[in-house]
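Trainee: Have a look at the structure that comes next, please.
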Amino acid sequence: MYDEVLTRNRKSWDTMADTWFGTTALPVYGCLAPTETELKLFPDLDGKKVLDIGCGSGHSLKWCGDNGASELWGLDLSPKQINNADTYLKQNGYKAVLSASPMEEMGEMPRKYFDIVYSIYALGWTLDLPKTIRNISDCIKPGGTLIFSWDHPLMRCVEARDNKMFLEGCNYLSDNIFSFELHGNPVTLQNRKMSTWINTLAEEGFKIEKIVEETSQNVLEQEYEFSNSYYAPSRAKLLPLSFIVKATKL
Ligand SMILES: C[S@@+](CC[C@H](N)C(=O)[O-])C[C@H]1O[C@@H](n2cnc3c(N)ncnc32)[C@H](O)[C@@H]1O
């Protein structure tokens, strides 16, 4: 089951890679969320070794390089994404250590090495959260920073129609696995409660510094027509579409 799902997700991300070029990348954390420019969660990057989990096209790594990081490392399930990241970073004058491997299996990473490990809208793709957080815990330095963003768990509980939001189909109490089509490609994901995320981090020796459950001020201040779409601003005015975590490895 695990291998089958990983293979399907990899194939779909290979197919989508070119259409996902820099779509969710720092300083953007996620759909309609405040940006890093507003939140300032990252420590000073000057001279720091950083690892991007699910680095996609490499745009977030470039942002780290532009802000002074001394070593850029990235991993991604999709060889096509890694290929795109490699080309993009080289074109921008950066050398990076990139590997096409799943975050569930990070055996090749150096231990206690990174000052900062981050993941922009990718960590939630893991098929095994405890194992992935353990992998990160192994390669980050004590005192190092983990920052990640992902869909807010409430997102998949709420249905919108006829100018109203409904808790229909809400299954918040279950960390259920589900499959759907993303831009026509079959993918499988797991819902996780906020407590699942936080407890898993605590079990692997992370201290939570901050959790952001916000919509950007810019969106909150504007008027929008009601829309049923998943990432609609009208929805973001009522609930956070993304959450962001900053934690320290003890
Ligand atoms: C929404 S994109 C993230 C974009 C990227 N963070 C950026 O800054 O441009 C999600 C990424 O997660 C990767 N991914 C999905 N499942 C993965 C897994 N199990 N292990 C590693 N990467 C995975 C996908 O290939 C895709 O590149």
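Residue names in the structure tokens use chain letters A, B, ... in the order shown, residue numbers from 1 in each chain, and ligand numbers from 1 in the order shown.
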Quick one: which chain A residues come within 6 Å of ligand 1, and what is the nearest atom pair for each with the distance in Å to one decimal, counting only C-alpha atoms and all ligand atoms, rows ordered by chain and ascending number, as CSV?

Mentor:
residue,atom,partner,partner_atom_place_in_ligand_line,distance
A:Trp13,CA,ligand 1,25 (O),4.8
A:Gly22,CA,ligand 1,9 (O),4.7
A:Thr23,CA,ligand 1,9 (O),6.0
A:Thr24,CA,ligand 1,9 (O),4.9
A:Ala25,CA,ligand 1,8 (O),3.6
A:Gly54,CA,ligand 1,22 (N),3.9
A:Cys55,CA,ligand 1,6 (N),4.5
A:Gly56,CA,ligand 1,27 (O),3.5
A:Ser57,CA,ligand 1,9 (O),5.0
A:Gly58,CA,ligand 1,9 (O),5.6
A:His59,CA,ligand 1,9 (O),5.2
A:Ser60,CA,ligand 1,8 (O),4.4
A:Asp76,CA,ligand 1,22 (N),3.8
A:Leu77,CA,ligand 1,22 (N),3.9
A:Ser78,CA,ligand 1,25 (O),4.5
A:Gln81,CA,ligand 1,27 (O),5.7
A:Pro102,CA,ligand 1,20 (N),3.5
A:Met103,CA,ligand 1,20 (N),4.0
A:Ser119,CA,ligand 1,6 (N),5.9
A:Ile120,CA,ligand 1,6 (N),4.2
A:Tyr121,CA,ligand 1,1 (C),5.0
A:Ala122,CA,ligand 1,12 (O),4.2
A:Trp125,CA,ligand 1,16 (N),4.5
A:Thr126,CA,ligand 1,19 (N),4.6

Trainee: Produce a file of the selected residues containing N, CA and C atoms, as a PDB file, in the first residue's frame.

Mentor:
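And here's again_10.pdb as it stands now:
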ATOM      1  N   TRP A  13       3.258  14.021  -9.368  1.00  0.00           N
ATOM      2  CA  TRP A  13       4.078  15.235  -9.190  1.00  0.00           C
ATOM      3  C   TRP A  13       5.053  15.421 -10.351  1.00  0.00           C
ATOM      4  N   GLY A  22       7.450  27.443  -8.917  1.00  0.00           N
ATOM      5  CA  GLY A  22       7.460  28.611  -8.017  1.00  0.00           C
ATOM      6  C   GLY A  22       6.089  29.001  -7.490  1.00  0.00           C
ATOM      7  N   THR A  23       5.141  28.079  -7.543  1.00  0.00           N
ATOM      8  CA  THR A  23       3.761  28.437  -7.161  1.00  0.00           C
ATOM      9  C   THR A  23       3.623  28.705  -5.668  1.00  0.00           C
ATOM     10  N   THR A  24       4.143  27.792  -4.837  1.00  0.00           N
ATOM     11  CA  THR A  24       4.090  28.023  -3.382  1.00  0.00           C
ATOM     12  C   THR A  24       5.534  28.056  -2.897  1.00  0.00           C
ATOM     13  N   ALA A  25       6.077  29.226  -2.742  1.00  0.00           N
ATOM     14  CA  ALA A  25       7.492  29.330  -2.386  1.00  0.00           C
ATOM     15  C   ALA A  25       7.729  30.578  -1.549  1.00  0.00           C
ATOM     16  N   GLY A  54      10.599  18.718   0.375  1.00  0.00           N
ATOM     17  CA  GLY A  54       9.604  18.923  -0.688  1.00  0.00           C
ATOM     18  C   GLY A  54       9.913  20.227  -1.399  1.00  0.00           C
ATOM     19  N   CYS A  55      11.159  20.338  -1.879  1.00  0.00           N
ATOM     20  CA  CYS A  55      11.669  21.640  -2.366  1.00  0.00           C
ATOM     21  C   CYS A  55      11.066  22.081  -3.691  1.00  0.00           C
ATOM     22  N   GLY A  56      10.324  21.176  -4.362  1.00  0.00           N
ATOM     23  CA  GLY A  56       9.680  21.564  -5.615  1.00  0.00           C
ATOM     24  C   GLY A  56      10.675  22.167  -6.587  1.00  0.00           C
ATOM     25  N   SER A  57      10.307  23.301  -7.174  1.00  0.00           N
ATOM     26  CA  SER A  57      11.115  23.919  -8.231  1.00  0.00           C
ATOM     27  C   SER A  57      12.332  24.687  -7.713  1.00  0.00           C
ATOM     28  N   GLY A  58      12.538  24.733  -6.392  1.00  0.00           N
ATOM     29  CA  GLY A  58      13.756  25.347  -5.850  1.00  0.00           C
ATOM     30  C   GLY A  58      13.640  26.832  -5.566  1.00  0.00           C
ATOM     31  N   HIS A  59      12.441  27.409  -5.753  1.00  0.00           N
ATOM     32  CA  HIS A  59      12.296  28.851  -5.548  1.00  0.00           C
ATOM     33  C   HIS A  59      12.516  29.257  -4.082  1.00  0.00           C
ATOM     34  N   SER A  60      12.086  28.409  -3.144  1.00  0.00           N
ATOM     35  CA  SER A  60      12.291  28.738  -1.719  1.00  0.00           C
ATOM     36  C   SER A  60      13.778  28.661  -1.375  1.00  0.00           C
ATOM     37  N   ASP A  76      13.072  16.081  -2.708  1.00  0.00           N
ATOM     38  CA  ASP A  76      11.712  16.026  -3.235  1.00  0.00           C
ATOM     39  C   ASP A  76      11.479  14.633  -3.810  1.00  0.00           C
ATOM     40  N   LEU A  77      10.254  14.163  -3.654  1.00  0.00           N
ATOM     41  CA  LEU A  77       9.869  12.851  -4.174  1.00  0.00           C
ATOM     42  C   LEU A  77      10.018  12.781  -5.693  1.00  0.00           C
ATOM     43  N   SER A  78       9.760  13.910  -6.359  1.00  0.00           N
ATOM     44  CA  SER A  78       9.668  13.908  -7.823  1.00  0.00           C
ATOM     45  C   SER A  78      11.018  14.230  -8.489  1.00  0.00           C
ATOM     46  N   GLN A  81      10.780  17.454 -10.435  1.00  0.00           N
ATOM     47  CA  GLN A  81      10.895  18.675  -9.624  1.00  0.00           C
ATOM     48  C   GLN A  81      12.365  18.947  -9.306  1.00  0.00           C
ATOM     49  N   PRO A 102      11.975  10.319  -1.095  1.00  0.00           N
ATOM     50  CA  PRO A 102      10.819  10.660  -0.260  1.00  0.00           C
ATOM     51  C   PRO A 102      11.235  11.109   1.130  1.00  0.00           C
ATOM     52  N   MET A 103      10.460  12.004   1.705  1.00  0.00           N
ATOM     53  CA  MET A 103      10.790  12.501   3.056  1.00  0.00           C
ATOM     54  C   MET A 103      10.628  11.409   4.110  1.00  0.00           C
ATOM     55  N   SER A 119       9.687  23.494   5.322  1.00  0.00           N
ATOM     56  CA  SER A 119       8.895  22.852   4.276  1.00  0.00           C
ATOM     57  C   SER A 119       7.699  23.745   3.976  1.00  0.00           C
ATOM     58  N   ILE A 120       7.610  24.184   2.726  1.00  0.00           N
ATOM     59  CA  ILE A 120       6.522  25.080   2.335  1.00  0.00           C
ATOM     60  C   ILE A 120       5.491  24.274   1.558  1.00  0.00           C
ATOM     61  N   TYR A 121       4.398  24.010   2.211  1.00  0.00           N
ATOM     62  CA  TYR A 121       3.291  23.253   1.608  1.00  0.00           C
ATOM     63  C   TYR A 121       3.712  21.897   1.036  1.00  0.00           C
ATOM     64  N   ALA A 122       4.543  21.178   1.780  1.00  0.00           N
ATOM     65  CA  ALA A 122       4.950  19.852   1.298  1.00  0.00           C
ATOM     66  C   ALA A 122       4.908  18.788   2.398  1.00  0.00           C
ATOM     67  N   TRP A 125       2.364  16.010   2.691  1.00  0.00           N
ATOM     68  CA  TRP A 125       2.328  14.915   1.715  1.00  0.00           C
ATOM     69  C   TRP A 125       2.900  13.626   2.288  1.00  0.00           C
ATOM     70  N   THR A 126       3.506  13.689   3.462  1.00  0.00           N
ATOM     71  CA  THR A 126       4.108  12.467   3.987  1.00  0.00           C
ATOM     72  C   THR A 126       3.060  11.379   4.234  1.00  0.00           C
TER      73      THR A 126
END

Trainee: Going by DSSP on the backbone, which bits of segment 5-34 of chain A are helix (DSSP H, G or I)? Write them as a ChimeraX atom specification, please.

Mentor: /A:5-20

Trainee: Only N, CA, C and O atoms, please: the residues just picked out, written as a compact mmCIF listing (two decimals), in the first residue's frame.

Mentor:
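Output file result-v9.txt is given in full below:
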# COMPACT_ATOMS: atom_id res chain seq x y z
N VAL A 5 1.16 3.88 -3.15
CA VAL A 5 0.74 5.28 -3.05
C VAL A 5 1.90 6.22 -3.37
O VAL A 5 1.74 7.20 -4.11
N LEU A 6 3.08 5.89 -2.85
CA LEU A 6 4.25 6.73 -3.11
C LEU A 6 4.55 6.79 -4.62
O LEU A 6 4.84 7.86 -5.17
N THR A 7 4.44 5.65 -5.27
CA THR A 7 4.70 5.59 -6.71
C THR A 7 3.68 6.43 -7.47
O THR A 7 4.03 7.20 -8.39
N ARG A 8 2.41 6.36 -7.05
CA ARG A 8 1.36 7.13 -7.74
C ARG A 8 1.57 8.62 -7.50
O ARG A 8 1.49 9.43 -8.42
N ASN A 9 1.85 9.00 -6.24
CA ASN A 9 2.07 10.43 -5.95
C ASN A 9 3.28 10.96 -6.72
O ASN A 9 3.28 12.08 -7.25
N ARG A 10 4.34 10.13 -6.81
CA ARG A 10 5.55 10.56 -7.52
C ARG A 10 5.24 10.82 -9.00
O ARG A 10 5.62 11.86 -9.56
N LYS A 11 4.49 9.89 -9.59
CA LYS A 11 4.16 10.01 -11.01
C LYS A 11 3.33 11.29 -11.24
O LYS A 11 3.57 12.05 -12.19
N SER A 12 2.38 11.53 -10.35
CA SER A 12 1.52 12.71 -10.52
C SER A 12 2.34 13.99 -10.35
O SER A 12 2.16 14.95 -11.10
N TRP A 13 3.26 14.02 -9.37
CA TRP A 13 4.08 15.23 -9.19
C TRP A 13 5.05 15.42 -10.35
O TRP A 13 5.34 16.56 -10.75
N ASP A 14 5.54 14.33 -10.92
CA ASP A 14 6.37 14.46 -12.13
C ASP A 14 5.56 15.13 -13.25
O ASP A 14 6.05 16.01 -13.95
N THR A 15 4.31 14.69 -13.39
CA THR A 15 3.46 15.23 -14.46
C THR A 15 3.15 16.71 -14.21
O THR A 15 3.10 17.51 -15.15
N MET A 16 2.97 17.08 -12.93
CA MET A 16 2.55 18.46 -12.62
C MET A 16 3.72 19.43 -12.46
O MET A 16 3.50 20.64 -12.36
N ALA A 17 4.96 18.90 -12.42
CA ALA A 17 6.11 19.72 -12.02
C ALA A 17 6.18 21.06 -12.77
O ALA A 17 6.33 22.12 -12.14
N ASP A 18 6.03 21.03 -14.09
CA ASP A 18 6.22 22.27 -14.86
C ASP A 18 5.13 23.31 -14.58
O ASP A 18 5.34 24.51 -14.77
N THR A 19 3.95 22.83 -14.16
CA THR A 19 2.86 23.79 -13.89
C THR A 19 2.92 24.28 -12.44
O THR A 19 2.11 25.09 -12.03
N TRP A 20 3.86 23.77 -11.66
CA TRP A 20 3.98 24.15 -10.25
C TRP A 20 5.28 24.91 -10.02
O TRP A 20 5.87 24.84 -8.96

Trainee: DSSP says strand (DSSP E or B) for which residues of segment 1-249 of chain A? Put them as an MDAnalysis selection string?

Mentor: chainID A and resid 49:53 71:76 96:100 114:120 140:151 159:161 164:166 177:182 185:190 206:212 242:249

Trainee: So what do you get for atom CA of Thr196 of chain A versus atom CA of Leu39 of chain A, distance-wise?

Mentor: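 Atom CA of Thr196 of chain A sits 24.0 Å away from atom CA of Leu39 of chain A.
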
Trainee: As an exercise, work out the distance from atom CA of Ile116 of chain A to atom CA of Lys49 of chain A in Å and give it to one decimal place.

Mentor: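 One can read the atom CA of Ile116 of chain A to atom CA of Lys49 of chain A distance as 6.5 Å.
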
Trainee: Can you pull out the residues contacting segment 157-170 of chain A? Cut-off 12 Å, using only C-alpha atoms, and skip same-chain residues under 5 positions away; I want them as a list of chain:residue names.

Mentor: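 Counting only C-alpha atoms, the residues come to A:Asp151, A:His152, A:Asp175, A:Asn176, A:Asn191, A:Arg192, A:Lys193, A:Tyr224, A:Glu225, A:Phe226, A:Ser227, A:Asn228, A:Ser229, A:Tyr230, A:Tyr231, A:Ala232, A:Ser234, A:Arg235, A:Ala236, A:Lys237, A:Leu238, A:Leu239, A:Pro240, A:Leu241.
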
Trainee: For Leu89 of chain A, which of A:Leu61, A:Gly74, A:Leu173, A:Arg111 is the closest residue, counting only C-alpha atoms?

Mentor: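 Ranking A:Leu61, A:Gly74, A:Leu173, A:Arg111 by distance to Leu89 of chain A, first place goes to A:Leu61.
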
Trainee: Do you know which residues are at most 9 Å from Ala33 of chain A counting only C-alpha atoms, after dropping those on the same chain fewer than 6 positions away, and could you put them as a PyMOL selection string?

Mentor: chain A and resi 212-217+219+236+240-244

Trainee: Write out, as a tab-separated table (two decimals), in the first residue's frame, the residues just selected, with N, CA and C atoms.

Mentor:
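As written to disk, again.tsv reads:
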chain	number	residue	atom	x	y	z
A	212	VAL	N	0.80	29.72	13.59
A	212	VAL	CA	0.07	30.81	12.94
A	212	VAL	C	-1.17	30.22	12.28
A	213	GLU	N	-2.33	30.69	12.71
A	213	GLU	CA	-3.60	30.32	12.05
A	213	GLU	C	-4.25	31.62	11.65
A	214	GLU	N	-3.78	32.21	10.58
A	214	GLU	CA	-4.22	33.56	10.20
A	214	GLU	C	-4.46	33.64	8.70
A	215	THR	N	-5.30	34.59	8.33
A	215	THR	CA	-5.43	34.99	6.93
A	215	THR	C	-4.72	36.33	6.79
A	216	SER	N	-4.13	36.57	5.62
A	216	SER	CA	-3.35	37.82	5.50
A	216	SER	C	-4.26	39.04	5.67
A	217	GLN	N	-3.71	40.07	6.29
A	217	GLN	CA	-4.47	41.28	6.60
A	217	GLN	C	-5.08	41.89	5.33
A	219	VAL	N	-6.18	40.39	2.70
A	219	VAL	CA	-7.42	39.67	2.31
A	219	VAL	C	-8.55	40.05	3.27
A	236	ALA	N	-11.46	32.30	3.19
A	236	ALA	CA	-10.30	32.69	4.02
A	236	ALA	C	-10.65	33.80	5.01
A	240	PRO	N	-8.80	30.11	8.73
A	240	PRO	CA	-7.48	30.08	8.09
A	240	PRO	C	-7.42	28.92	7.10
A	241	LEU	N	-6.88	29.18	5.91
A	241	LEU	CA	-6.76	28.10	4.93
A	241	LEU	C	-5.46	27.32	5.15
A	242	SER	N	-4.49	27.97	5.77
A	242	SER	CA	-3.18	27.34	6.03
A	242	SER	C	-2.83	27.48	7.50
A	243	PHE	N	-1.93	26.64	7.97
A	243	PHE	CA	-1.32	26.90	9.28
A	243	PHE	C	0.19	26.81	9.12
A	244	ILE	N	0.88	27.52	9.99
A	244	ILE	CA	2.35	27.59	9.93
A	244	ILE	C	2.87	27.27	11.33

Trainee: What does the distance from atom CA of Tyr172 of chain A to atom CA of Glu104 of chain A come to in Å, to one decimal?

Mentor: 24.1 Å

Trainee: In terms of the shortest atom-to-atom distance over only C-alpha atoms, which of A:Leu123, A:Asp66, A:Pro43, A:Phe21 is closest to Asn83 of chain A?

Mentor: A:Phe21

Trainee: Ranking A:Leu201, A:Leu75, A:Cys139, A:Leu127 by minimum distance to Val187 of chain A and counting only C-alpha atoms, which one comes first?

Mentor: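 Checking each of A:Leu201, A:Leu75, A:Cys139, A:Leu127 against Val187 of chain A, counting only C-alpha atoms, the winner is A:Leu127.
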
Trainee: Just want the 7 Å neighbourhood of Lys246 of chain A, counted on only C-alpha atoms, with same-chain residues fewer than 2 positions away dropped. Output as a ChimeraX atom specification.

Mentor: /A:146-148,208-211,244

Trainee: What would the file look like if the residues just selected were written as a PDB file, in the first residue's frame with C-alpha atoms?

Mentor:
ATOM      1  CA  LEU A 146      11.929  23.779  11.965  1.00  0.00           C
ATOM      2  CA  ILE A 147       9.358  25.854  10.074  1.00  0.00           C
ATOM      3  CA  PHE A 148       6.571  24.479   7.899  1.00  0.00           C
ATOM      4  CA  ILE A 208       6.723  24.747  19.633  1.00  0.00           C
ATOM      5  CA  GLU A 209       7.645  28.429  19.361  1.00  0.00           C
ATOM      6  CA  LYS A 210       4.662  29.640  17.365  1.00  0.00           C
ATOM      7  CA  ILE A 211       1.596  28.427  15.480  1.00  0.00           C
ATOM      8  CA  ILE A 244       2.346  27.586   9.932  1.00  0.00           C
TER       9      ILE A 244
END
